[in-house]
Amino acid sequence: MGTHSLRNRSALAVAGVLLAGVPTAFTALADDHHSAAPARGKPYIETRLLFGTARPDGGPAVTDRQFTAFVDKEVTPDFPDGLTVLNGRGQWRDAHGTIEKERSYVLVLLYPEAAAKGGGRKIEEIRRAYEKAFAQESVGRVDEQAQVDF
């Protein structure tokens with residue numbers, strides 16, 4: 001047997017020993033992960049609505065006071081348990097292909113997964129009401145599943 005053949009056999013033996021331990025190592029890591037504290041919270045849906053403030057007709061932008069009044073009238077009655085409003089700067093391409101940059105609001109709503117069907121309908125009503133009240137082309141919507149604990 002030549003030196004080259006002996007090196008190949010040694011390399012294969014070392015590789016075999018290393019590979020034999022891989023499933024055990026991954027199993028140990030997986031077991032450690034699963035033995036951690038159970039997931040906290042309950043299943044909720046997180047919906048973010050993206051409200052632009054510039055008016056397509058060139059009228060004055062939606063003010064903080066107008067937006068707060070809108071939330072008080074159109075959102076709070078349907079989501080009285082709480083919500084979050086964030087200020088933002090956004091951009092998007094409108095129906096005419098123009099990139100619009102504007103001040104915006106991000107409304108964050110959390111509601112139990114079990115209430116998703118009714119919540120979804122209410123959210124669509126909120127979107128339509130804002131579009132109508134402030135002559136908006138659209139209101140963006142993002143929905144995600146979440147584990148929520150208060």
# chains A, B, ... in the order shown; residues from 1 in each chain; ligands from 1
>>> select_by_dssp(residues="range 84-144 of chain A", states="strand (DSSP E or B)", output="ChimeraX atom specification")
/A:84-93,99-112,140-144
>>> residues_around(residues="Thr68 in chain A", least_positions_apart="4", cutoff="12 Å", atoms="only C-alpha atoms", output="PyMOL selection string")
chain A and resi 62-64+72-76+84-87+105+107+130
>>> atom_distance(atom1="CA of Arg55 in chain A", atom2="CA of Glu124 in chain A")
20.2 Å
>>> atom_distance(atom1="CA of Gly58 in chain A", atom2="CA of Glu125 in chain A")
24.8 Å
>>> residues_around(residues="Trp92 in chain A", least_positions_apart="2", cutoff="12 Å", atoms="only C-alpha atoms", output="list in words")
Leu50, Phe51, Gly52, Ala54, Arg89, Gly90, Asp94, Ala95, His96, Gly97, Thr98, Ile99, Glu100, Lys101, Glu102, Arg103, Ser104, Glu137, Ser138, Val139 and Gly140 of chain A
>>> closest_residue(among="A:Val108, A:Tyr44, A:Ala129, A:Lys122", to="Pro77 in chain A", atoms="only C-alpha atoms")
A:Lys122
